[in-house]
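Peer 1: As input, take run05.tsv (TSV, C-alpha atoms):
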chain	number	residue	atom	x	y	z
A	1	MET	CA	65.60	23.42	20.37
A	2	THR	CA	66.87	21.92	17.12
A	3	PRO	CA	64.38	19.42	15.67
A	4	GLN	CA	65.67	15.85	15.59
A	5	ALA	CA	63.30	14.75	12.82
A	6	GLU	CA	61.49	16.27	9.87
A	7	LEU	CA	58.00	14.90	9.44
A	8	SER	CA	55.78	15.19	6.41
A	9	ILE	CA	52.12	15.96	7.00
A	10	ALA	CA	51.36	12.31	6.21
A	11	GLU	CA	53.88	11.13	8.83
A	12	ALA	CA	52.49	13.56	11.42
A	13	ARG	CA	48.99	12.27	10.75
A	14	ARG	CA	50.22	8.71	11.19
A	15	LEU	CA	51.57	9.57	14.64
A	16	ALA	CA	48.30	11.27	15.63
A	17	VAL	CA	46.25	8.27	14.49
A	18	ALA	CA	48.61	5.81	16.20
A	19	GLY	CA	48.57	7.77	19.46
A	20	GLN	CA	44.78	7.49	19.49
A	21	LEU	CA	44.86	3.72	18.86
A	22	LEU	CA	43.11	4.11	15.52
A	23	ASP	CA	45.73	2.29	13.45
A	24	GLY	CA	44.56	-1.25	14.17
A	25	ARG	CA	47.26	-2.02	16.71
A	26	GLY	CA	45.53	-1.05	19.93
A	27	PRO	CA	44.65	-3.27	22.88
A	28	GLY	CA	41.76	-5.68	22.70
A	29	THR	CA	39.54	-4.96	25.70
A	30	VAL	CA	37.46	-2.00	26.80
A	31	THR	CA	39.48	-1.50	29.99
A	32	GLU	CA	42.79	-1.67	28.13
A	33	VAL	CA	41.63	0.92	25.59
A	34	VAL	CA	40.47	3.35	28.29
A	35	ARG	CA	43.75	2.89	30.17
A	36	ALA	CA	45.72	3.63	27.02
A	37	LEU	CA	43.59	6.67	26.10
A	38	GLY	CA	43.52	7.98	29.68
A	39	SER	CA	39.92	9.12	29.41
A	40	VAL	CA	36.88	8.80	27.16
A	41	GLN	CA	34.31	11.58	27.17
A	42	VAL	CA	30.76	10.75	28.22
A	43	ASP	CA	27.84	12.27	26.32
A	44	PRO	CA	24.26	10.97	26.33
A	45	VAL	CA	23.25	12.08	22.82
A	46	ALA	CA	22.47	8.82	21.03
A	47	THR	CA	21.29	9.54	17.51
A	48	VAL	CA	23.29	6.37	16.84
A	49	ALA	CA	25.12	5.57	20.10
A	50	ARG	CA	26.38	7.42	23.17
A	51	ALA	CA	29.76	9.13	22.70
A	52	GLU	CA	31.74	6.93	25.09
A	53	ARG	CA	30.44	3.81	23.37
A	54	MET	CA	31.23	5.20	19.91
A	55	VAL	CA	34.81	6.08	20.85
A	56	LEU	CA	35.40	2.49	21.97
A	57	PHE	CA	33.70	1.11	18.84
A	58	SER	CA	36.05	3.11	16.61
A	59	ARG	CA	39.00	1.30	18.21
A	60	LEU	CA	37.61	-2.14	18.99
A	61	GLY	CA	35.04	-2.67	16.26
A	62	PRO	CA	31.67	-4.22	17.19
A	63	TYR	CA	32.32	-4.95	20.86
A	64	ASP	CA	29.69	-5.89	23.44
A	65	VAL	CA	28.58	-2.76	25.34
A	66	ALA	CA	28.02	-5.00	28.37
A	67	GLU	CA	31.84	-5.14	28.62
A	68	LEU	CA	31.91	-1.40	29.34
A	69	THR	CA	29.06	-1.68	31.83
A	70	GLY	CA	30.79	-4.58	33.56
A	71	ALA	CA	34.11	-2.74	33.80
A	72	LEU	CA	32.35	0.19	35.46
A	73	GLU	CA	30.43	-2.05	37.84
A	74	ARG	CA	33.56	-4.01	38.83
A	75	GLY	CA	35.46	-0.81	39.46
A	76	ASP	CA	38.07	-1.28	36.71
A	77	LEU	CA	36.82	2.04	35.36
A	78	PHE	CA	34.89	4.92	36.89
A	79	GLU	CA	33.18	8.11	35.76
A	80	TYR	CA	34.67	11.45	36.66
A	81	TRP	CA	34.02	14.91	35.30
A	82	ALA	CA	31.95	13.58	32.34
A	83	HIS	CA	34.63	11.07	31.36
A	84	VAL	CA	35.20	7.36	31.78
A	85	VAL	CA	38.65	6.96	33.31
A	86	PRO	CA	40.72	3.97	34.48
A	87	THR	CA	40.82	3.26	38.19
A	88	THR	CA	44.57	2.73	37.85
A	89	ASP	CA	44.72	6.53	37.31
A	90	TYR	CA	42.77	7.32	40.46
A	91	GLY	CA	45.93	8.91	41.89
A	92	ILE	CA	45.84	11.51	39.11
A	93	HIS	CA	42.16	12.39	39.49
A	94	ARG	CA	42.35	12.33	43.28
A	95	GLU	CA	44.44	15.49	43.12
A	96	SER	CA	41.79	17.22	41.00
A	97	MET	CA	39.22	16.16	43.59
A	98	ARG	CA	41.29	17.48	46.48
A	99	ARG	CA	41.67	20.96	45.00
A	100	TYR	CA	38.13	21.44	43.65
A	101	PRO	CA	37.02	24.19	43.23
A	102	ARG	CA	40.39	25.25	41.88
A	103	GLY	CA	41.62	28.82	41.77
A	104	ASP	CA	40.17	32.16	42.73
A	105	LEU	CA	38.04	33.01	39.71
A	106	THR	CA	34.43	34.07	40.15
A	107	ARG	CA	33.04	30.57	39.60
A	108	ALA	CA	35.37	28.93	42.12
A	109	ARG	CA	34.57	31.54	44.75
A	110	TYR	CA	30.86	31.10	44.14
A	111	VAL	CA	31.08	27.31	44.59
A	112	ARG	CA	32.98	27.68	47.89
A	113	GLU	CA	30.52	30.24	49.21
A	114	TRP	CA	27.51	28.22	48.05
A	115	LEU	CA	28.82	25.07	49.74
A	116	ALA	CA	29.42	26.96	52.97
A	117	ALA	CA	25.90	28.38	52.91
A	118	ASN	CA	24.48	24.91	52.25
A	119	ALA	CA	26.57	22.92	54.74
A	120	ALA	CA	23.48	21.28	56.26
A	121	PHE	CA	22.23	20.33	52.79
A	122	ARG	CA	25.61	18.73	51.99
A	123	ARG	CA	25.55	16.74	55.23
A	124	TYR	CA	22.01	15.56	54.47
A	125	VAL	CA	22.97	14.24	51.00
A	126	LEU	CA	26.02	12.39	52.32
A	127	ARG	CA	24.05	11.00	55.27
A	128	GLU	CA	21.29	9.66	53.03
A	129	LEU	CA	23.78	8.07	50.65
A	130	ARG	CA	25.52	6.41	53.59
A	131	ARG	CA	22.21	5.18	55.02
A	132	ARG	CA	20.26	4.26	51.88
A	133	GLY	CA	22.62	4.45	48.92
A	134	PRO	CA	23.09	3.92	46.07
A	135	LEU	CA	20.36	6.40	45.13
A	136	LEU	CA	18.97	8.29	42.17
A	137	SER	CA	18.67	12.06	42.52
A	138	ARG	CA	14.88	11.70	42.73
A	139	ASP	CA	15.37	9.65	45.92
A	140	LEU	CA	16.72	12.77	47.64
A	141	GLU	CA	15.12	16.07	48.65
A	142	ASP	CA	16.27	19.53	47.67
A	143	ARG	CA	17.01	21.05	51.08
A	144	ALA	CA	19.11	23.97	49.87
A	145	THR	CA	19.18	27.02	52.12
A	146	VAL	CA	20.52	29.07	49.19
A	147	GLN	CA	19.42	28.10	45.69
A	148	TRP	CA	21.93	27.83	42.85
A	149	ARG	CA	21.94	31.09	40.88
A	150	THR	CA	24.58	31.73	38.24
A	151	GLY	CA	22.40	32.82	35.34
A	152	GLY	CA	22.70	29.47	33.55
A	153	TRP	CA	20.39	26.57	32.83
A	154	ASN	CA	21.19	24.97	36.22
A	155	ASP	CA	19.58	27.84	38.13
A	156	GLY	CA	17.12	26.47	40.69
A	157	LYS	CA	18.52	22.93	40.41
A	158	ALA	CA	20.34	22.89	43.73
A	159	LEU	CA	20.15	19.13	44.28
A	160	GLY	CA	21.72	18.35	40.93
A	161	ARG	CA	24.45	20.93	41.52
A	162	MET	CA	25.16	19.57	45.00
A	163	LEU	CA	25.54	16.02	43.66
A	164	ASP	CA	27.85	17.24	40.88
A	165	ILE	CA	29.99	19.31	43.25
A	166	LEU	CA	30.33	16.43	45.72
A	167	TRP	CA	31.33	14.26	42.73
A	168	PHE	CA	33.96	16.76	41.58
A	169	ARG	CA	35.28	16.87	45.17
A	170	GLY	CA	35.56	13.09	45.35
A	171	ASP	CA	32.92	12.72	48.08
A	172	THR	CA	30.45	10.86	45.87
A	173	ALA	CA	30.77	8.58	42.86
A	174	ILE	CA	28.55	7.30	40.07
A	175	ALA	CA	27.61	3.71	40.90
A	176	GLY	CA	25.74	3.04	37.66
A	177	ARG	CA	22.95	4.32	35.46
A	178	GLU	CA	19.25	3.75	34.98
A	179	GLY	CA	18.86	4.83	31.40
A	180	ASN	CA	20.57	8.22	31.31
A	181	GLU	CA	20.05	8.86	35.03
A	182	ARG	CA	23.09	8.56	37.23
A	183	VAL	CA	22.99	6.38	40.34
A	184	TRP	CA	24.94	7.96	43.21
A	185	ASP	CA	26.90	6.43	46.08
A	186	LEU	CA	29.64	7.40	48.50
A	187	ALA	CA	33.05	7.50	46.84
A	188	GLU	CA	34.59	5.49	49.68
A	189	ARG	CA	32.51	2.49	48.56
A	190	ARG	CA	33.56	2.79	44.93
A	191	LEU	CA	37.09	4.19	44.74
A	192	PRO	CA	40.42	3.06	46.28
A	193	ARG	CA	40.65	5.98	48.68
A	194	ASP	CA	42.92	4.00	51.03
A	195	GLU	CA	45.71	3.97	48.44
A	196	PRO	CA	48.69	6.26	49.12
A	197	ARG	CA	48.50	9.65	47.42
A	198	TRP	CA	50.67	10.15	44.39
A	199	ARG	CA	53.42	12.73	44.79
A	200	PRO	CA	52.90	15.88	42.67
A	201	VAL	CA	55.93	15.01	40.55
A	202	GLU	CA	54.39	11.61	39.77
A	203	VAL	CA	51.08	13.15	38.77
A	204	ALA	CA	52.74	15.72	36.54
A	205	ARG	CA	54.95	13.12	34.86
A	206	ALA	CA	52.01	10.79	34.18
A	207	VAL	CA	49.84	13.58	32.80
A	208	VAL	CA	52.46	15.17	30.55
A	209	GLU	CA	54.02	11.98	29.19
A	210	GLY	CA	50.65	10.30	28.79
A	211	GLY	CA	49.27	13.34	27.01
A	212	LEU	CA	52.17	13.43	24.55
A	213	ARG	CA	51.90	9.71	23.80
A	214	ARG	CA	48.16	9.95	23.17
A	215	ILE	CA	48.23	13.03	20.97
A	216	GLY	CA	51.01	11.60	18.82
A	217	VAL	CA	52.59	14.86	17.71
A	218	ALA	CA	51.76	18.36	18.90
A	219	ARG	CA	52.95	21.73	20.06
A	220	ARG	CA	53.69	22.04	23.76
A	221	GLY	CA	50.44	23.72	24.77
A	222	GLU	CA	48.23	21.08	23.16
A	223	TYR	CA	48.72	18.28	25.72
A	224	GLY	CA	49.54	17.66	29.36
A	225	ARG	CA	46.29	18.65	31.07
A	226	GLN	CA	44.17	16.96	33.70
A	227	LEU	CA	40.40	17.23	33.52
A	228	ASP	CA	40.62	20.38	35.66
A	229	GLY	CA	43.61	21.92	33.90
A	230	VAL	CA	47.41	21.82	33.90
A	231	PRO	CA	48.82	19.99	36.94
A	232	PRO	CA	51.35	21.66	39.23
A	233	GLY	CA	54.87	20.80	38.09
A	234	ALA	CA	53.92	20.22	34.43
A	235	ASP	CA	56.75	22.38	33.06
A	236	ALA	CA	59.34	20.58	35.19
A	237	ALA	CA	57.94	17.22	34.07
A	238	PHE	CA	58.20	18.29	30.44
A	239	ARG	CA	61.82	19.42	30.87
A	240	ALA	CA	62.66	16.03	32.39
A	241	LEU	CA	61.09	14.27	29.40
A	242	VAL	CA	63.20	16.40	27.06
A	243	ARG	CA	66.40	15.63	29.01
A	244	GLU	CA	65.61	11.92	28.89
A	245	GLU	CA	64.87	12.19	25.15
A	246	VAL	CA	61.36	10.85	25.68
A	247	ALA	CA	59.88	14.07	24.28
A	248	VAL	CA	61.56	14.55	20.89
A	249	PRO	CA	61.49	17.91	19.06
A	250	VAL	CA	60.33	17.58	15.46
A	251	ARG	CA	59.45	19.81	12.55
A	252	VAL	CA	56.23	19.22	10.62
A	253	ALA	CA	56.54	20.25	7.00
A	254	GLY	CA	54.41	23.23	6.13
A	255	LEU	CA	53.35	23.96	9.72
A	256	ASP	CA	54.73	26.64	12.00
A	257	GLY	CA	56.10	26.24	15.49
A	258	GLU	CA	57.99	23.70	17.53
A	259	TRP	CA	56.35	20.28	17.62
A	260	TRP	CA	57.01	17.33	19.90
A	261	ALA	CA	56.55	13.60	19.57
A	262	HIS	CA	56.96	10.67	21.96
A	263	ARG	CA	60.03	8.63	21.05
A	264	ASP	CA	58.10	5.35	21.19
A	265	LEU	CA	55.73	6.53	18.47
A	266	LEU	CA	58.51	7.94	16.31
A	267	GLY	CA	60.17	4.56	16.21
A	268	GLY	CA	56.99	2.61	15.53
A	269	GLU	CA	56.03	0.82	12.35
A	270	PRO	CA	52.96	1.89	10.36
A	271	GLY	CA	49.77	0.22	11.51
A	272	VAL	CA	46.91	-1.26	9.52
A	273	ALA	CA	44.90	1.19	7.41
A	274	ARG	CA	41.34	1.18	8.73
A	275	THR	CA	38.19	3.03	7.76
A	276	VAL	CA	36.06	3.96	10.77
A	277	VAL	CA	33.35	6.40	11.78
A	278	LEU	CA	34.29	8.66	14.70
A	279	SER	CA	32.31	10.30	17.48
A	280	PRO	CA	32.26	14.12	17.46
A	281	PHE	CA	33.87	13.81	20.92
A	282	ASP	CA	36.72	11.60	19.68
A	283	ARG	CA	40.07	13.04	20.73
A	284	LEU	CA	41.38	12.83	17.17
A	285	VAL	CA	38.99	15.63	16.18
A	286	TYR	CA	38.03	17.16	19.52
A	287	ASN	CA	40.41	20.11	19.03
A	288	ARG	CA	38.79	21.61	15.95
A	289	ASP	CA	41.70	23.97	15.19
A	290	ARG	CA	44.16	21.08	15.32
A	291	ALA	CA	41.95	18.92	13.08
A	292	ARG	CA	41.82	21.76	10.55
A	293	GLU	CA	45.58	22.39	10.63
A	294	LEU	CA	46.86	18.81	10.73
A	295	PHE	CA	44.19	17.00	8.71
A	296	GLY	CA	42.70	19.82	6.63
A	297	PHE	CA	39.33	18.90	8.17
A	298	ASP	CA	37.06	21.84	9.00
A	299	TYR	CA	34.55	20.41	11.46
A	300	ARG	CA	32.07	21.54	14.05
A	301	LEU	CA	29.29	19.83	15.97
A	302	GLU	CA	26.14	21.51	14.70
A	303	MET	CA	23.63	20.28	17.27
A	304	TYR	CA	24.27	23.50	19.20
A	305	VAL	CA	23.09	25.76	16.36
A	306	THR	CA	19.69	26.26	14.76
A	307	PRO	CA	18.73	24.10	11.75
A	308	ALA	CA	19.03	27.15	9.49
A	309	GLU	CA	22.66	27.59	10.55
A	310	ARG	CA	23.70	23.99	9.91
A	311	GLU	CA	25.89	23.24	6.92
A	312	TYR	CA	25.65	19.45	7.22
A	313	GLY	CA	23.41	18.12	10.02
A	314	TYR	CA	22.55	17.78	13.69
A	315	TYR	CA	25.09	15.11	14.72
A	316	VAL	CA	27.50	14.51	11.86
A	317	LEU	CA	30.30	11.97	12.33
A	318	PRO	CA	33.79	12.26	10.79
A	319	ILE	CA	35.08	9.38	8.64
A	320	LEU	CA	38.71	8.29	9.08
A	321	HIS	CA	40.26	6.36	6.19
A	322	GLY	CA	43.77	5.23	7.02
A	323	THR	CA	45.41	8.42	8.23
A	324	GLU	CA	43.08	10.85	6.45
A	325	LEU	CA	39.75	12.35	7.41
A	326	VAL	CA	38.02	11.81	4.09
A	327	GLY	CA	34.39	12.63	4.76
A	328	ARG	CA	31.48	12.94	7.13
A	329	VAL	CA	28.18	11.13	7.58
A	330	ASP	CA	24.89	12.08	9.24
A	331	PRO	CA	23.30	8.81	10.44
A	332	VAL	CA	20.27	8.37	12.70
A	333	LEU	CA	19.16	5.04	14.12
A	334	ASP	CA	15.41	4.51	13.92
A	335	ARG	CA	14.97	2.14	16.85
A	336	THR	CA	11.36	1.43	15.91
A	337	THR	CA	12.02	0.16	12.40
A	338	GLY	CA	15.62	-1.00	12.88
A	339	VAL	CA	16.85	1.22	10.03
A	340	LEU	CA	20.08	3.20	10.14
A	341	ARG	CA	19.00	6.21	8.10
A	342	VAL	CA	21.84	8.18	6.53
A	343	ASN	CA	20.54	11.72	6.09
A	344	GLY	CA	23.68	12.87	4.33
A	345	LEU	CA	27.14	11.68	3.32
A	346	TRP	CA	29.92	13.96	2.08
A	347	ALA	CA	33.43	13.41	0.75
A	348	GLU	CA	36.15	15.93	1.51
A	349	ARG	CA	37.84	17.71	-1.35
A	350	GLY	CA	40.65	15.47	-2.57
A	351	ALA	CA	39.32	12.33	-0.87
A	352	PRO	CA	40.52	9.18	-2.67
A	353	GLY	CA	38.01	7.83	-5.16
A	354	ASP	CA	38.58	4.25	-4.03
A	355	ALA	CA	37.43	5.03	-0.46
A	356	GLY	CA	33.77	4.45	-1.33
A	357	ALA	CA	33.74	0.71	-0.64
A	358	PRO	CA	35.60	0.97	2.71
A	359	VAL	CA	33.31	3.84	3.76
A	360	ARG	CA	30.23	1.70	2.98
A	361	ALA	CA	31.76	-1.20	4.93
A	362	ALA	CA	32.36	1.12	7.91
A	363	ILE	CA	28.71	2.32	7.82
A	364	ASP	CA	27.47	-1.27	7.57
A	365	GLU	CA	29.64	-2.31	10.51
A	366	LEU	CA	28.26	0.59	12.57
A	367	ALA	CA	24.71	-0.44	11.62
A	368	ARG	CA	25.22	-4.06	12.70
A	369	TRP	CA	26.79	-2.98	15.98
A	370	VAL	CA	23.85	-0.75	16.95
A	371	GLY	CA	21.36	-3.44	15.97
A	372	ALA	CA	20.07	-2.00	12.70
A	373	THR	CA	18.74	-4.51	10.19
A	374	SER	CA	19.20	-2.25	7.17
A	375	VAL	CA	20.88	0.95	5.98
A	376	GLU	CA	19.01	3.63	4.07
A	377	LEU	CA	21.25	5.93	2.01
A	378	PRO	CA	20.34	9.43	0.79
A	379	ARG	CA	19.62	10.05	-2.88
A	380	ARG	CA	22.58	12.40	-3.25
A	381	LEU	CA	26.00	10.80	-2.72
A	382	PRO	CA	29.59	11.82	-3.52
A	383	ARG	CA	30.00	11.13	-7.23
A	384	ALA	CA	33.29	9.24	-6.89
A	385	TRP	CA	31.86	6.97	-4.21
A	386	ALA	CA	28.28	6.57	-5.37
A	387	ARG	CA	28.55	3.22	-7.14
A	388	ALA	CA	30.51	1.56	-4.35
A	389	LEU	CA	28.19	3.00	-1.70
A	390	ARG	CA	25.04	1.76	-3.43
A	391	SER	CA	26.44	-1.69	-4.13
A	392	GLY	CA	27.30	-2.34	-0.48
In structure tokens, write the structure found in this file.
Peer 2:
Amino acid sequence: MTPQAELSIAEARRLAVAGQLLDGRGPGTVTEVVRALGSVQVDPVATVARAERMVLFSRLGPYDVAELTGALERGDLFEYWAHVVPTTDYGIHRESMRRYPRGDLTRARYVREWLAANAAFRRYVLRELRRRGPLLSRDLEDRATVQWRTGGWNDGKALGRMLDILWFRGDTAIAGREGNERVWDLAERRLPRDEPRWRPVEVARAVVEGGLRRIGVARRGEYGRQLDGVPPGADAAFRALVREEVAVPVRVAGLDGEWWAHRDLLGGEPGVARTVVLSPFDRLVYNRDRARELFGFDYRLEMYVTPAEREYGYYVLPILHGTELVGRVDPVLDRTTGVLRVNGLWAERGAPGDAGAPVRAAIDELARWVGATSVELPRRLPRAWARALRSG
């Protein structure tokens, strides 16, 4: 299809940043941000703060984490498949729950067979949750007839796998947390299961259009997925968006392929340039190939490799400055001393020299939000930023 607009790399980056609510024009509450983003990934690693909290901080600034906890407790939001999602999208996730385990691959067949072999165990877990819930996993017994054996780190952890599988199926729900431990309850007490099911065409339309709006600008295969994969009817939904001129074909200068943008973003005004620290699980950088191609930012999360293999650090955070990814920082919060210790800070090649002061302000804002009383910088700093960083 003939492109209707020619975008520079800078303009394409602006759309990507705007779609992710990182341009200073996003909504003002936790629930509104999650609704607009569709989902926020949960991860318990907290060298500074948990991933879901960091993603919200990057959009809202120093918000009160109790607002997130309250939204989950009230049922405005819920956890599903390691993401915080809005309850208004329950109709979308309900379809993932109904078809789990999806497909006929080895893993899906194993889950079905394992559940069948452990039918009495499943009934026991649901019965105990109904009678005594909400419960922690340690409040339940492992009564598996057949242990979980797939050759992974969950081998022998049948109770944990049963709780997860019942969660994926929509039988159970996370009612809260005690530290990092999940508190389990029956889904019927936590989710609006009495609501009418969404029609497949409605699910596909919501997923594809929402995905395009949130990604800003992308090739067709880079958006339009549910947490368990592409929804049935996704191609038909995309064709309808093209006919209605909601999905607009564009060309991105210097990049191959056919790109698409949501018409509402194409017509939008530039937002406010902000400098923020991002979570490694932030959707702006989650697709590492896309981050490299669109932003020239070569990034990986190095906590999964040995110290000898790390180029930067264990849990390094990208730095967004306006519409550019200009650097990365390796901070660790020492909760005993109240110091945010920056183990390393790097500027990308070509990063603007005047970004030093905004980068220091972003680190200071992060420190205040997590309760640090001081920031400790490393001895080696990017030369162009060093003075501004040290004078913060």
Peer 1: List the neighbours of Arg290 (chain A) out to 12 Å using only C-alpha atoms; skip same-chain residues closer than 6 positions along the sequence, and give me the result as a list in words.
Peer 2: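 Returned residues: Ala12, Arg13, Ala16, Ile215, Val217, Ala218, Arg219, Gly221, Glu222, Tyr223, Leu255, Arg283, Leu284, Gly296, Phe297, Asp298 and Tyr299 of chain A.
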Peer 1: Put those residues in a file: C-alpha atoms, as a compact mmCIF listing (two decimals), in the frame of the given file.
Peer 2:
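What ended up in result07.txt:
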# COMPACT_ATOMS: atom_id res chain seq x y z
CA ALA A 12 52.49 13.56 11.42
CA ARG A 13 48.99 12.27 10.75
CA ALA A 16 48.30 11.27 15.63
CA ILE A 215 48.23 13.03 20.97
CA VAL A 217 52.59 14.86 17.71
CA ALA A 218 51.76 18.36 18.90
CA ARG A 219 52.95 21.73 20.06
CA GLY A 221 50.44 23.72 24.77
CA GLU A 222 48.23 21.08 23.16
CA TYR A 223 48.72 18.28 25.72
CA LEU A 255 53.35 23.96 9.72
CA ARG A 283 40.07 13.04 20.73
CA LEU A 284 41.38 12.83 17.17
CA GLY A 296 42.70 19.82 6.63
CA PHE A 297 39.33 18.90 8.17
CA ASP A 298 37.06 21.84 9.00
CA TYR A 299 34.55 20.41 11.46
Peer 1: Given the choices A:Arg74, A:Arg360, A:Arg368, A:Arg328, which gets closest to Ala386 (chain A) if the distance is worked out from only C-alpha atoms?
Peer 2: A:Arg360
Peer 1: Please provide the set of residues having any atom within 9 Å of Leu135 (chain A), restricted to all atoms listed in the file, with same-chain residues fewer than 4 positions apart removed, written as a ChimeraX atom specification.
Peer 2: /A:128-129,139-140,175,182-185
Peer 1: Select, from A:Trp369, A:Phe281, A:Tyr110, A:Tyr80, the residue with the minimum atom-to-atom distance to Val65 (chain A), counting all atoms listed in the file.
Peer 2: A:Trp369
Peer 1: Find the residue from A:Leu136, A:Val85, A:Leu159, A:Ala5 that sits nearest to Ala71 (chain A); use all atoms listed in the file when measuring.
Peer 2: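 Answer, going by the shortest atom-to-atom distance: A:Val85.
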Peer 1: Find the distance between CA of Ala351 (chain A) and CA of Thr373 (chain A) and write it in Å to one decimal.
Peer 2: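 Rounded to one decimal, the two atoms are 28.8 Å apart.
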Peer 1: Which distance in Å separates CA of Phe238 (chain A) and CA of Glu6 (chain A), to one decimal?
Peer 2: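 Rounded to one decimal, the two atoms are 20.9 Å apart.
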Peer 1: What is the CA of Tyr315 (chain A)-CA of Val329 (chain A) distance in Å, reported with one decimal?
Peer 2: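 CA of Val329 (chain A) lies at a distance of 8.7 Å from CA of Tyr315 (chain A).
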Peer 1: Go through A:Ala187, A:Ile319, A:Ala66, A:Leu227 and flag the residue nearest Trp81 (chain A), using only C-alpha atoms for the distances.
Peer 2: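 So, comparing all the options, the nearest one is A:Leu227.
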Peer 1: Quick one: of A:His93, A:Gly216, A:Arg109, A:His262, who's nearest to Arg193 (chain A), counting all atoms listed in the file?
Peer 2: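 Comparing A:His93, A:Gly216, A:Arg109, A:His262 against Arg193 (chain A), the winner is A:His93.
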Peer 1: From the options A:Gly19, A:Thr2, A:Arg292, A:Leu325, which residue's atoms come nearest to Leu266 (chain A), counting all atoms listed in the file?
Peer 2: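 With all atoms listed in the file as the atom set, the closest residue is A:Gly19.
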Peer 1: What would the list of residues within 9 Å of (31.9, 11.5, 2.3) (file frame) look like as a ChimeraX atom specification, if only C-alpha atoms are what count?
Peer 2: /A:318-319,326-329,344-348,351,355-356,359,381-382,385
Peer 1: Using all atoms listed in the file, determine which residues lie at most 10 Å from Leu333 (chain A), disregarding the query and same-chain residues fewer than 5 positions distant; provide the list as JSON, numbers by chain.
Peer 2: {"A": [46, 47, 48, 49, 338, 339, 340, 341, 342, 367, 370, 371, 372, 375]}
Peer 1: Tyr124 (chain A): which residues within 12 Å, counting all atoms listed in the file, same-chain residues fewer than 6 positions away excluded, as an MDAnalysis selection string?
Peer 2: chainID A and resid 118 130:132 140:144 159 162:163
Peer 1: Some atoms are absent from region 325-336 of chain A, so rebuild N, CA, C and O atoms and return them as a PDB file, keeping the file's coordinate frame.
Peer 2:
ATOM      1  N   LEU A 325      41.167  12.123   7.167  1.00  0.00           N
ATOM      2  CA  LEU A 325      39.750  12.350   7.410  1.00  0.00           C
ATOM      3  C   LEU A 325      39.125  12.690   6.068  1.00  0.00           C
ATOM      4  O   LEU A 325      39.308  13.791   5.540  1.00  0.00           O
ATOM      5  N   VAL A 326      38.414  11.722   5.500  1.00  0.00           N
ATOM      6  CA  VAL A 326      38.020  11.810   4.090  1.00  0.00           C
ATOM      7  C   VAL A 326      36.578  12.235   3.883  1.00  0.00           C
ATOM      8  O   VAL A 326      36.161  12.500   2.749  1.00  0.00           O
ATOM      9  N   GLY A 327      35.792  12.275   4.953  1.00  0.00           N
ATOM     10  CA  GLY A 327      34.390  12.630   4.760  1.00  0.00           C
ATOM     11  C   GLY A 327      33.650  12.715   6.061  1.00  0.00           C
ATOM     12  O   GLY A 327      34.235  12.684   7.156  1.00  0.00           O
ATOM     13  N   ARG A 328      32.342  12.849   5.959  1.00  0.00           N
ATOM     14  CA  ARG A 328      31.480  12.940   7.130  1.00  0.00           C
ATOM     15  C   ARG A 328      30.123  12.343   6.776  1.00  0.00           C
ATOM     16  O   ARG A 328      29.697  12.371   5.612  1.00  0.00           O
ATOM     17  N   VAL A 329      29.451  11.811   7.799  1.00  0.00           N
ATOM     18  CA  VAL A 329      28.180  11.130   7.580  1.00  0.00           C
ATOM     19  C   VAL A 329      27.204  11.541   8.678  1.00  0.00           C
ATOM     20  O   VAL A 329      27.596  11.743   9.821  1.00  0.00           O
ATOM     21  N   ASP A 330      25.938  11.664   8.305  1.00  0.00           N
ATOM     22  CA  ASP A 330      24.890  12.080   9.240  1.00  0.00           C
ATOM     23  C   ASP A 330      23.883  10.933   9.403  1.00  0.00           C
ATOM     24  O   ASP A 330      22.833  10.918   8.753  1.00  0.00           O
ATOM     25  N   PRO A 331      24.196   9.950  10.273  1.00  0.00           N
ATOM     26  CA  PRO A 331      23.300   8.810  10.440  1.00  0.00           C
ATOM     27  C   PRO A 331      22.397   8.980  11.660  1.00  0.00           C
ATOM     28  O   PRO A 331      22.767   9.593  12.657  1.00  0.00           O
ATOM     29  N   VAL A 332      21.211   8.404  11.584  1.00  0.00           N
ATOM     30  CA  VAL A 332      20.270   8.370  12.700  1.00  0.00           C
ATOM     31  C   VAL A 332      19.692   6.960  12.769  1.00  0.00           C
ATOM     32  O   VAL A 332      19.221   6.427  11.751  1.00  0.00           O
ATOM     33  N   LEU A 333      19.730   6.369  13.942  1.00  0.00           N
ATOM     34  CA  LEU A 333      19.160   5.040  14.120  1.00  0.00           C
ATOM     35  C   LEU A 333      17.681   5.165  14.467  1.00  0.00           C
ATOM     36  O   LEU A 333      17.320   5.755  15.487  1.00  0.00           O
ATOM     37  N   ASP A 334      16.836   4.596  13.622  1.00  0.00           N
ATOM     38  CA  ASP A 334      15.410   4.510  13.920  1.00  0.00           C
ATOM     39  C   ASP A 334      15.193   3.218  14.697  1.00  0.00           C
ATOM     40  O   ASP A 334      15.169   2.122  14.120  1.00  0.00           O
ATOM     41  N   ARG A 335      15.061   3.335  15.993  1.00  0.00           N
ATOM     42  CA  ARG A 335      14.970   2.140  16.850  1.00  0.00           C
ATOM     43  C   ARG A 335      13.635   1.427  16.715  1.00  0.00           C
ATOM     44  O   ARG A 335      13.517   0.280  17.154  1.00  0.00           O
ATOM     45  N   THR A 336      12.657   2.073  16.127  1.00  0.00           N
ATOM     46  CA  THR A 336      11.360   1.430  15.910  1.00  0.00           C
ATOM     47  C   THR A 336      11.391   0.494  14.717  1.00  0.00           C
ATOM     48  O   THR A 336      10.905  -0.641  14.778  1.00  0.00           O
TER      49      THR A 336
END
